[in-house]
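> Contents of structure-v1.pdb (PDB, C-alpha atoms) are below:
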ATOM      1  CA  MET U1123     -23.117  29.090   7.714
ATOM      2  CA  PHE U1124     -20.231  27.086   6.278
ATOM      3  CA  ASP U1125     -17.197  28.859   5.013
ATOM      4  CA  THR U1126     -14.795  27.599   2.358
ATOM      5  CA  TYR U1127     -12.307  26.372   4.947
ATOM      6  CA  SER U1128     -14.730  23.994   6.666
ATOM      7  CA  ILE U1129     -16.030  22.724   3.314
ATOM      8  CA  LEU U1130     -12.483  21.919   2.167
ATOM      9  CA  LEU U1131     -11.814  20.155   5.475
ATOM     10  CA  VAL U1132     -14.922  17.981   5.136
ATOM     11  CA  VAL U1133     -14.099  17.171   1.499
ATOM     12  CA  ALA U1134     -10.504  16.188   2.380
ATOM     13  CA  LEU U1135     -11.707  13.959   5.224
ATOM     14  CA  ALA U1136     -14.360  12.330   3.034
ATOM     15  CA  LEU U1137     -11.917  11.658   0.203
ATOM     16  CA  SER U1138      -9.421  10.144   2.646
ATOM     17  CA  LEU U1139     -12.037   7.840   4.140
ATOM     18  CA  VAL U1140     -13.192   6.757   0.690
ATOM     19  CA  SER U1141      -9.595   6.045  -0.337
ATOM     20  CA  LEU U1142      -9.107   3.884   2.752
ATOM     21  CA  LYS U1143     -12.304   1.943   2.170
ATOM     22  CA  TYR U1144     -12.031   1.251  -1.560
ATOM     23  CA  ARG U1145      -8.239   1.006  -1.974
ATOM     24  CA  ASN U1146      -8.250   2.567  -5.430
ATOM     25  CA  ILE U1147      -5.370   4.749  -6.641
ATOM     26  CA  LEU U1148      -7.722   7.421  -7.981
ATOM     27  CA  PHE U1149      -9.514   7.725  -4.644
ATOM     28  CA  ALA U1150      -6.144   7.907  -2.879
ATOM     29  CA  LEU U1151      -4.975  10.652  -5.237
ATOM     30  CA  GLY U1152      -8.229  12.502  -4.584
ATOM     31  CA  GLY U1153      -7.622  12.291  -0.833
ATOM     32  CA  ILE U1154      -4.044  13.493  -1.226
ATOM     33  CA  LEU U1155      -5.116  16.397  -3.428
ATOM     34  CA  GLY U1156      -7.850  17.277  -0.938
ATOM     35  CA  TRP U1157      -5.299  17.633   1.874
ATOM     36  CA  ILE U1158      -2.866  19.540  -0.342
ATOM     37  CA  GLY U1159      -5.672  21.857  -1.446
ATOM     38  CA  LEU U1160      -6.627  22.466   2.166
ATOM     39  CA  TRP U1161      -2.985  23.189   2.975
ATOM     40  CA  ALA U1162      -2.727  25.710   0.123
ATOM     41  CA  TYR U1163      -5.954  27.425   1.153
ATOM     42  CA  HIS U1164      -4.884  27.484   4.809
ATOM     43  CA  LYS U1165      -1.528  29.019   3.881
ATOM     44  CA  ASP U1166      -3.154  32.087   2.300
ATOM     45  CA  ASN U1167      -6.436  32.242   4.246
ATOM     46  CA  PRO U1168      -6.121  31.062   7.859
ATOM     47  CA  PRO U1169      -9.388  30.355   9.656
ATOM     48  CA  ALA U1170     -10.956  33.010  11.854
ATOM     49  CA  GLY U1171      -9.127  33.562  15.108
ATOM     50  CA  ILE U1172      -5.799  32.189  13.891
ATOM     51  CA  ILE U1173      -3.176  34.741  12.950
ATOM     52  CA  GLU U1174      -0.938  33.923  10.015
ATOM     53  CA  GLY U1175       2.562  32.916  11.143
ATOM     54  CA  THR U1176       1.625  31.828  14.674
ATOM     55  CA  PHE U1177       2.504  28.443  16.088
ATOM     56  CA  ILE U1178      -0.994  27.017  15.632
ATOM     57  CA  HIS U1179      -1.064  28.196  12.014
ATOM     58  CA  GLU U1180       2.174  26.371  11.250
ATOM     59  CA  VAL U1181       1.116  23.232  13.146
ATOM     60  CA  LEU U1182      -2.055  23.041  11.072
ATOM     61  CA  MET U1183      -0.042  23.475   7.876
ATOM     62  CA  TYR U1184       2.222  20.569   8.834
ATOM     63  CA  ALA U1185      -0.766  18.496   9.896
ATOM     64  CA  TYR U1186      -2.354  18.837   6.450
ATOM     65  CA  ILE U1187       0.864  17.778   4.742
ATOM     66  CA  ALA U1188       1.182  14.865   7.171
ATOM     67  CA  MET U1189      -2.398  13.788   6.398
ATOM     68  CA  ALA U1190      -1.640  13.835   2.659
ATOM     69  CA  ILE U1191       1.434  11.660   3.208
ATOM     70  CA  ALA U1192      -0.489   9.362   5.576
ATOM     71  CA  THR U1193      -3.254   8.891   2.994
ATOM     72  CA  PHE U1194      -0.669   7.820   0.427
ATOM     73  CA  ILE U1195       1.101   5.478   2.859
ATOM     74  CA  MET U1196      -2.201   3.852   3.840
ATOM     75  CA  TRP U1197      -2.992   3.296   0.164
ATOM     76  CA  LEU U1198       0.442   1.690  -0.329
ATOM     77  CA  ARG U1199      -0.168  -0.567   2.662
ATOM     78  CA  ASN U1200      -3.680  -1.589   1.613
ATOM     79  CA  ARG U1201      -3.276  -1.859  -2.157
ATOM     80  CA  ASN U1202      -2.531  -5.607  -2.231
ATOM     81  CA  ARG U1203      -5.397  -6.626   0.042
ATOM     82  CA  GLY U1204      -7.858  -7.172  -2.776
ATOM     83  CA  TYR U1205      -7.727  -7.657  -6.522
ATOM     84  CA  THR U1206     -10.545  -5.302  -7.446
ATOM     85  CA  GLY U1207      -9.768  -2.627  -4.909
ATOM     86  CA  TYR U1208     -13.172  -3.026  -3.289
ATOM     87  CA  PRO U1209     -13.532  -4.642   0.149
ATOM     88  CA  LEU U1210     -14.778  -8.203   0.356
ATOM     89  CA  SER U1211     -17.891  -9.020   2.323
ATOM     90  CA  ARG U1212     -17.722 -11.662   5.045
ATOM     91  CA  GLY U1213     -19.399 -14.249   2.794
ATOM     92  CA  GLU U1214     -16.922 -13.572  -0.001
ATOM     93  CA  GLN U1215     -14.018 -13.945   2.415
ATOM     94  CA  ASP U1216     -15.381 -17.299   3.641
ATOM     95  CA  GLU U1217     -15.854 -18.505   0.075
ATOM     96  CA  GLN U1218     -12.313 -17.458  -0.845
ATOM     97  CA  GLU U1219     -10.897 -19.304   2.176
ATOM     98  CA  ARG U1220     -12.876 -22.454   1.251
ATOM     99  CA  ARG U1221     -11.545 -22.268  -2.307
ATOM    100  CA  ILE U1222      -7.973 -21.959  -1.070
ATOM    101  CA  ILE U1223      -8.377 -24.907   1.291
ATOM    102  CA  SER U1224     -10.012 -27.110  -1.367
ATOM    103  CA  ASN U1225      -7.229 -26.383  -3.880
ATOM    104  CA  ARG U1226      -4.492 -27.624  -1.604
ATOM    105  CA  PRO U1227      -2.768 -30.662  -3.049
ATOM    106  CA  THR U1228      -3.553 -33.932  -1.334
ATOM    107  CA  ARG U1229      -0.823 -36.046   0.092
ATOM    108  CA  GLY U1230       0.479 -38.396  -2.594
ATOM    109  CA  LEU U1231       2.196 -41.771  -2.368
ATOM    110  CA  MET U1232       5.615 -40.184  -2.820
ATOM    111  CA  ASP U1233       5.065 -38.127   0.339
ATOM    112  CA  LEU U1234       4.541 -41.203   2.533
ATOM    113  CA  SER U1235       7.216 -42.885   4.590
ATOM    114  CA  THR U1236       8.250 -46.429   3.686
ATOM    115  CA  SER U1237       6.082 -48.082   6.335
ATOM    116  CA  GLU U1238       3.056 -45.946   5.433
ATOM    117  CA  TYR U1239       3.554 -46.747   1.735
ATOM    118  CA  ARG U1240       3.670 -50.483   2.454
ATOM    119  CA  SER U1241       0.504 -50.371   4.547
ATOM    120  CA  VAL U1242      -1.365 -48.430   1.831
ATOM    121  CA  MET U1243      -0.219 -50.875  -0.864
ATOM    122  CA  ARG U1244      -1.188 -53.904   1.240
ATOM    123  CA  ALA U1245      -4.636 -52.402   1.844
ATOM    124  CA  LYS U1246      -5.124 -51.803  -1.890
ATOM    125  CA  ILE U1247      -3.938 -55.282  -2.818
ATOM    126  CA  ASN U1248      -6.145 -56.894  -0.170
ATOM    127  CA  SER U1249      -9.194 -54.937  -1.279
ATOM    128  CA  HIS U1250      -8.528 -55.953  -4.907
ATOM    129  CA  VAL U1251      -8.090 -59.618  -3.986
ATOM    130  CA  LYS U1252     -11.304 -59.603  -1.938
ATOM    131  CA  ARG U1253     -13.235 -58.193  -4.883
ATOM    132  CA  ARG U1254     -11.918 -60.855  -7.271
ATOM    133  CA  ARG U1255     -12.924 -63.737  -4.959
ATOM    134  CA  ARG U1256     -16.539 -62.709  -4.934
TER     135      ARG U1256
END
Could you render the structure from this file as structure tokens?


Amino acid sequence: MFDTYSILLVVALALSLVSLKYRNILFALGGILGWIGLWAYHKDNPPAGIIEGTFIHEVLMYAYIAMAIATFIMWLRNRNRGYTGYPLSRGEQDEQERRIISNRPTRGLMDLSTSEYRSVMRAKINSHVKRRRR
């Protein structure tokens, strides 16, 4: 039912999709090797109906090499998107954004303009004086 050619094609596609999803160097290398293996098999054993040396045979050979290069380039592009190499769920992304926002430094007194600084100091002095009178 399935010949070796179609099995190699499915394996190369699966390894490429896994390498795109999990952004791990080993998965990316597996995807690259899958495409290179398919290229090597195609070079010696073209699929049925394709004569070796024809235009379509050569186009498929270049397509497999291009897919191997594209898998590597996509790994390079995606490698810095996550620390662990595994995709974050939506809840984890929201939590990470909240953590980043909460860790932002607040505006200090040295960041205020002169008039803002004076109004803050007057408010603090007045609140202190009101507490002492009571």

> Could you check the closest approach to U:Ile1187 for each of U:Leu1231, U:Ser1237, U:Gly1156, U:Ser1249 and tell me which residue wins, using only C-alpha atoms?

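Looking only at the distances to U:Ile1187, the closest residue turns out to be U:Gly1156.
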
> Which polymer residues have any atom within 8 Å of an atom of U:Ala1134, counting all atoms listed in the file, with same-chain residues fewer than 2 positions away left out, as a PyMOL selection string?

chain U and resi 1130-1132+1136-1138+1153-1157+1160

> For the atom pair atom CA of U:Ala1185 and atom CA of U:Asn1146, what is the interatomic distance in Å to one decimal place?

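Computing it gives 23.3 Å between the two atoms.
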
> Grab the atom CA of U:Leu1142 to atom CA of U:Thr1126 distance for me, in Å with one decimal place.

24.4 Å

> Interatomic distance between atom CA of U:Glu1217 and atom CA of U:Ser1141?

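A separation of 25.3 Å between them.
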
> Considering all atoms listed in the file, return as a PyMOL selection string whatever protein or nucleic-acid residues lie within 12 Å of U:Gly1175, sequence-local ones (same chain, fewer than 5 positions apart) excluded.

chain U and resi 1164-1168+1180-1183

> U:Gly1213, U:Gly1152, U:Gly1159, U:Gly1171: which is nearest U:Trp1197, counting all atoms listed in the file?

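Ranked by minimum distance to U:Trp1197, first place goes to U:Gly1152.
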
> Specify the axis-aligned box that encloses all atoms of stretch 1236-1247 of chain U listed in the file after padding of 6 Å on each side, stating its centre and edge lengths in Å to one decimal as lines of an AutoDock Vina configuration file.


center_x = 1.6
center_y = -50.6
center_z = 1.8
size_x = 25.4
size_y = 21.3
size_z = 21.2
